[in-house]
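Colleague: Dropping the structure in here first, questions after.
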There are 2 protein chains.
Amino acid sequence: MRLIVARCSIDYTGRLTTHLPEAVRLLMIKADGGVAVWHDGGSSVKPQNWMTPPTVIEEGDGQIVVRKLAGVTEDRLEIGIVEVLSDVTHDMGEAAALEKDGVERDLQEALAAAPAWCGEGFRLVRREWPTDIGPVDLMCRDHQDGWTAVEIKRVATIDAVEQLTRYLERIRRDPAMEFCAGVLAAQVIKPQARVLAEARGIACVEVDLDVVRGDREPELTLFA
Amino acid sequence: MRLIVARCSIDYTGRLTTHLPEAVRLLMIKADGGVAVWHDGGSSVKPQNWMTPPTVIEEGDGQIVVRKLAGVTEDRLEIGIVEVLSDVTHDMGEAAALEKDGVERDLQEALAAAPAWCGEGFRLVRREWPTDIGPVDLMCRDHQDGWTAVEIKRVATIDAVEQLTRYLERIRRDPAMEFCAGVLAAQVIKPQARVLAEARGIACVEVDLDVVRGDREPELTLFA
DNA sequence: ACTTAGATTTCGCCG
DNA sequence: CGGCGAAGTCTAAGT
């Protein structure tokens, strides 16, 4: 990885066009051709400009040009170098993957193992119940043996309600599942999603991953 | 901005938990307390780990700990330093904002100035036509003087169709606009969005920003 | 190869 | 400050 600290101005043309006036910035150039431009202010996560590989990098004449074929046209990042303050290269060796726990998939697994958190007396029939427009996260039977489709999100927005509504519409075409109910289970449910869901007769359940796993005691406020 | 290149392992706990095994990485520490962790492989745009300000950074004993209050709990980034290969700080001065052109807003402006690109004989009634669930991008009259609501996207997915459908449902509650038509205008319309739109009687128009502005000649394939 | 859905999405605007 | 929509979203998985 090459790290250049330089006073520079930058123009990008591609899916849109942008301009950055002259300032001191960090240019991060990766071994695979990826380029990112950073400034001390602003976002810690998103560069001011960037280009993902594969790229062609041309350097010289007080300028670095990063080019990339994007369909018919060309994406282009033109970096006008006024003054180089530092220019170092570090060998970082092989990649090391990030191991994650706590994403939506993990919540689905935990709820599949303990479906009663989705509703009283719920028993799992199957995960990833297939419909012709995609799989429903969980299909359960409730305490009265009724069918219930469960949609799981980490954060549930109005889109999640629309998605579950589409699934229910397909599922209920089967006469045997004509009265299939719907439950939206999420770590966070946005207020508008809750309003729309309840207007459509869809139940909402907020769940905590650690509690579902049994790693943490439920708050006393639950079911209060 | 402080740039540390070090062999390190990293654990994050917060909205989820992650682990990174020992490897050489770049630690980018901004003046505002923002921290990002980079490796030579992988994304050019997203760090392996990060924490946005405000943070508290504690350093010492072969370890850097970045902490942040996140509601009741605490987000924590623990960086175990095995070997420091480089540690430099650069003053980058004041911020310099990015100027953009070509985002959705610009497409809306261009189509408002030339609504005929949305449909034959279209005349603009107003931009940001208000409904009780938010504003419709454009409200037009078509060549037969009928009302038409236009939803504009840079890339139109199935969500855009759902959004316009919700708007039309509200608009048509007004008896005077009972037959209001819908048009989805975008630089790119995804196939599934087109299918759903046409099933709902919503017209689809693909537009090019430069053409709408008159900066580029239309392709011969238009209207072919 | 293309499409879809998730993301510690992040970011910006507007109430 | 919270909610909502856009993003050069990016990225991984499934078809």
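Chain labels follow the order of the structure tokens: the first chain is A, the next B, and so on; residue numbering restarts at 1 in every chain, and ligands are counted from 1 in their shown order.
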Compute the chain B side of the contact with chain A at 9 Å, counting only C-alpha atoms, and hand it back as number ranges by chain.
Modeller: B: 1, 5, 7, 15-26, 28-36, 39-53, 85, 90-103, 159, 162
Colleague: Set the cut-off to 9 Å and count only C-alpha atoms (C1' of nucleotides): what are the residues of chain D that reach chain B? Output as number ranges by chain.
Modeller: D: 6-7, 10-11
Colleague: I need the chain C residues near chain A as a PyMOL selection string; criterion: at most 12 Å, counting only C-alpha atoms (C1' of nucleotides).
Modeller: chain C and resi 4-11
Colleague: Write out as an MDAnalysis selection string all residues of segment 95-201 of chain B that DSSP puts in strand (DSSP E) for this structure's backbone.
Modeller: chainID B and resid 99:101 123:131 134:141 147:156 181:189
Colleague: Give me a file of those residues, with N, CA and C atoms, as a compact mmCIF listing (two decimals), in the first residue's frame.
Modeller:
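Produced file part_2.txt, reproduced below:
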# COMPACT_ATOMS: atom_id res chain seq x y z
N GLU B 99 -17.75 19.17 -4.41
CA GLU B 99 -18.84 19.69 -5.24
C GLU B 99 -19.30 18.60 -6.20
N LYS B 100 -20.60 18.30 -6.17
CA LYS B 100 -21.14 17.22 -6.98
C LYS B 100 -22.09 17.74 -8.06
N ASP B 101 -22.14 17.02 -9.17
CA ASP B 101 -23.16 17.28 -10.19
C ASP B 101 -23.54 15.96 -10.84
N ARG B 123 -46.57 18.91 -19.65
CA ARG B 123 -46.28 20.25 -19.14
C ARG B 123 -46.22 20.17 -17.61
N LEU B 124 -45.26 20.87 -17.04
CA LEU B 124 -45.07 20.82 -15.59
C LEU B 124 -46.11 21.67 -14.86
N VAL B 125 -46.76 21.06 -13.85
CA VAL B 125 -47.64 21.83 -12.98
C VAL B 125 -46.87 22.31 -11.76
N ARG B 126 -46.18 21.38 -11.10
CA ARG B 126 -45.24 21.80 -10.06
C ARG B 126 -44.30 20.67 -9.66
N ARG B 127 -43.12 21.09 -9.20
CA ARG B 127 -42.17 20.14 -8.61
C ARG B 127 -42.56 19.91 -7.15
N GLU B 128 -42.19 18.72 -6.62
CA GLU B 128 -42.42 18.42 -5.21
C GLU B 128 -43.88 18.63 -4.84
N TRP B 129 -44.77 18.04 -5.64
CA TRP B 129 -46.21 18.11 -5.39
C TRP B 129 -46.51 17.40 -4.06
N PRO B 130 -47.13 18.11 -3.12
CA PRO B 130 -47.28 17.53 -1.78
C PRO B 130 -48.41 16.50 -1.68
N THR B 131 -48.16 15.43 -0.98
CA THR B 131 -49.20 14.49 -0.55
C THR B 131 -48.99 14.29 0.95
N GLY B 134 -45.69 12.58 1.71
CA GLY B 134 -44.45 13.10 1.15
C GLY B 134 -44.69 13.64 -0.25
N PRO B 135 -43.73 14.36 -0.79
CA PRO B 135 -43.92 15.01 -2.09
C PRO B 135 -43.62 14.11 -3.28
N VAL B 136 -44.45 14.22 -4.32
CA VAL B 136 -44.17 13.58 -5.60
C VAL B 136 -43.20 14.47 -6.37
N ASP B 137 -42.23 13.85 -7.07
CA ASP B 137 -41.18 14.63 -7.73
C ASP B 137 -41.76 15.67 -8.68
N LEU B 138 -42.57 15.21 -9.64
CA LEU B 138 -43.17 16.14 -10.60
C LEU B 138 -44.66 15.83 -10.74
N MET B 139 -45.48 16.87 -10.85
CA MET B 139 -46.87 16.69 -11.25
C MET B 139 -47.05 17.40 -12.59
N CYS B 140 -47.53 16.64 -13.58
CA CYS B 140 -47.63 17.18 -14.94
C CYS B 140 -49.05 17.02 -15.48
N ARG B 141 -49.30 17.69 -16.59
CA ARG B 141 -50.48 17.43 -17.42
C ARG B 141 -49.98 16.80 -18.72
N TRP B 147 -53.91 14.44 -15.57
CA TRP B 147 -52.89 14.53 -14.53
C TRP B 147 -51.92 13.34 -14.63
N THR B 148 -50.65 13.61 -14.40
CA THR B 148 -49.65 12.54 -14.36
C THR B 148 -48.61 12.84 -13.30
N ALA B 149 -48.44 11.90 -12.38
CA ALA B 149 -47.41 12.01 -11.35
C ALA B 149 -46.14 11.32 -11.84
N VAL B 150 -45.00 12.02 -11.71
CA VAL B 150 -43.73 11.48 -12.18
C VAL B 150 -42.79 11.24 -11.00
N GLU B 151 -42.32 10.01 -10.88
CA GLU B 151 -41.32 9.67 -9.86
C GLU B 151 -39.96 9.55 -10.56
N ILE B 152 -38.96 10.24 -10.03
CA ILE B 152 -37.65 10.28 -10.66
C ILE B 152 -36.62 9.57 -9.80
N LYS B 153 -35.83 8.70 -10.44
CA LYS B 153 -34.73 8.02 -9.77
C LYS B 153 -33.52 8.04 -10.69
N ARG B 154 -32.33 7.91 -10.10
CA ARG B 154 -31.16 7.69 -10.93
C ARG B 154 -31.20 6.23 -11.38
N VAL B 155 -31.39 5.33 -10.45
CA VAL B 155 -31.61 3.92 -10.75
C VAL B 155 -32.94 3.51 -10.14
N ALA B 156 -33.88 3.05 -10.96
CA ALA B 156 -35.21 2.69 -10.47
C ALA B 156 -35.28 1.21 -10.19
N ALA B 181 -52.43 9.52 -13.76
CA ALA B 181 -51.54 8.47 -14.27
C ALA B 181 -50.19 8.56 -13.58
N GLY B 182 -49.35 7.53 -13.78
CA GLY B 182 -48.03 7.51 -13.17
C GLY B 182 -46.94 7.23 -14.19
N VAL B 183 -45.82 7.93 -14.03
CA VAL B 183 -44.66 7.70 -14.89
C VAL B 183 -43.43 7.55 -14.01
N LEU B 184 -42.64 6.52 -14.31
CA LEU B 184 -41.37 6.30 -13.62
C LEU B 184 -40.25 6.70 -14.58
N ALA B 185 -39.51 7.76 -14.22
CA ALA B 185 -38.43 8.24 -15.08
C ALA B 185 -37.09 8.04 -14.38
N ALA B 186 -36.14 7.41 -15.07
CA ALA B 186 -34.85 7.12 -14.44
C ALA B 186 -33.78 6.95 -15.50
N GLN B 187 -32.52 7.09 -15.06
CA GLN B 187 -31.43 6.86 -16.00
C GLN B 187 -31.30 5.36 -16.27
N VAL B 188 -31.60 4.56 -15.26
CA VAL B 188 -31.58 3.10 -15.42
C VAL B 188 -32.82 2.54 -14.74
N ILE B 189 -33.58 1.71 -15.44
CA ILE B 189 -34.74 1.04 -14.86
C ILE B 189 -34.46 -0.46 -14.83
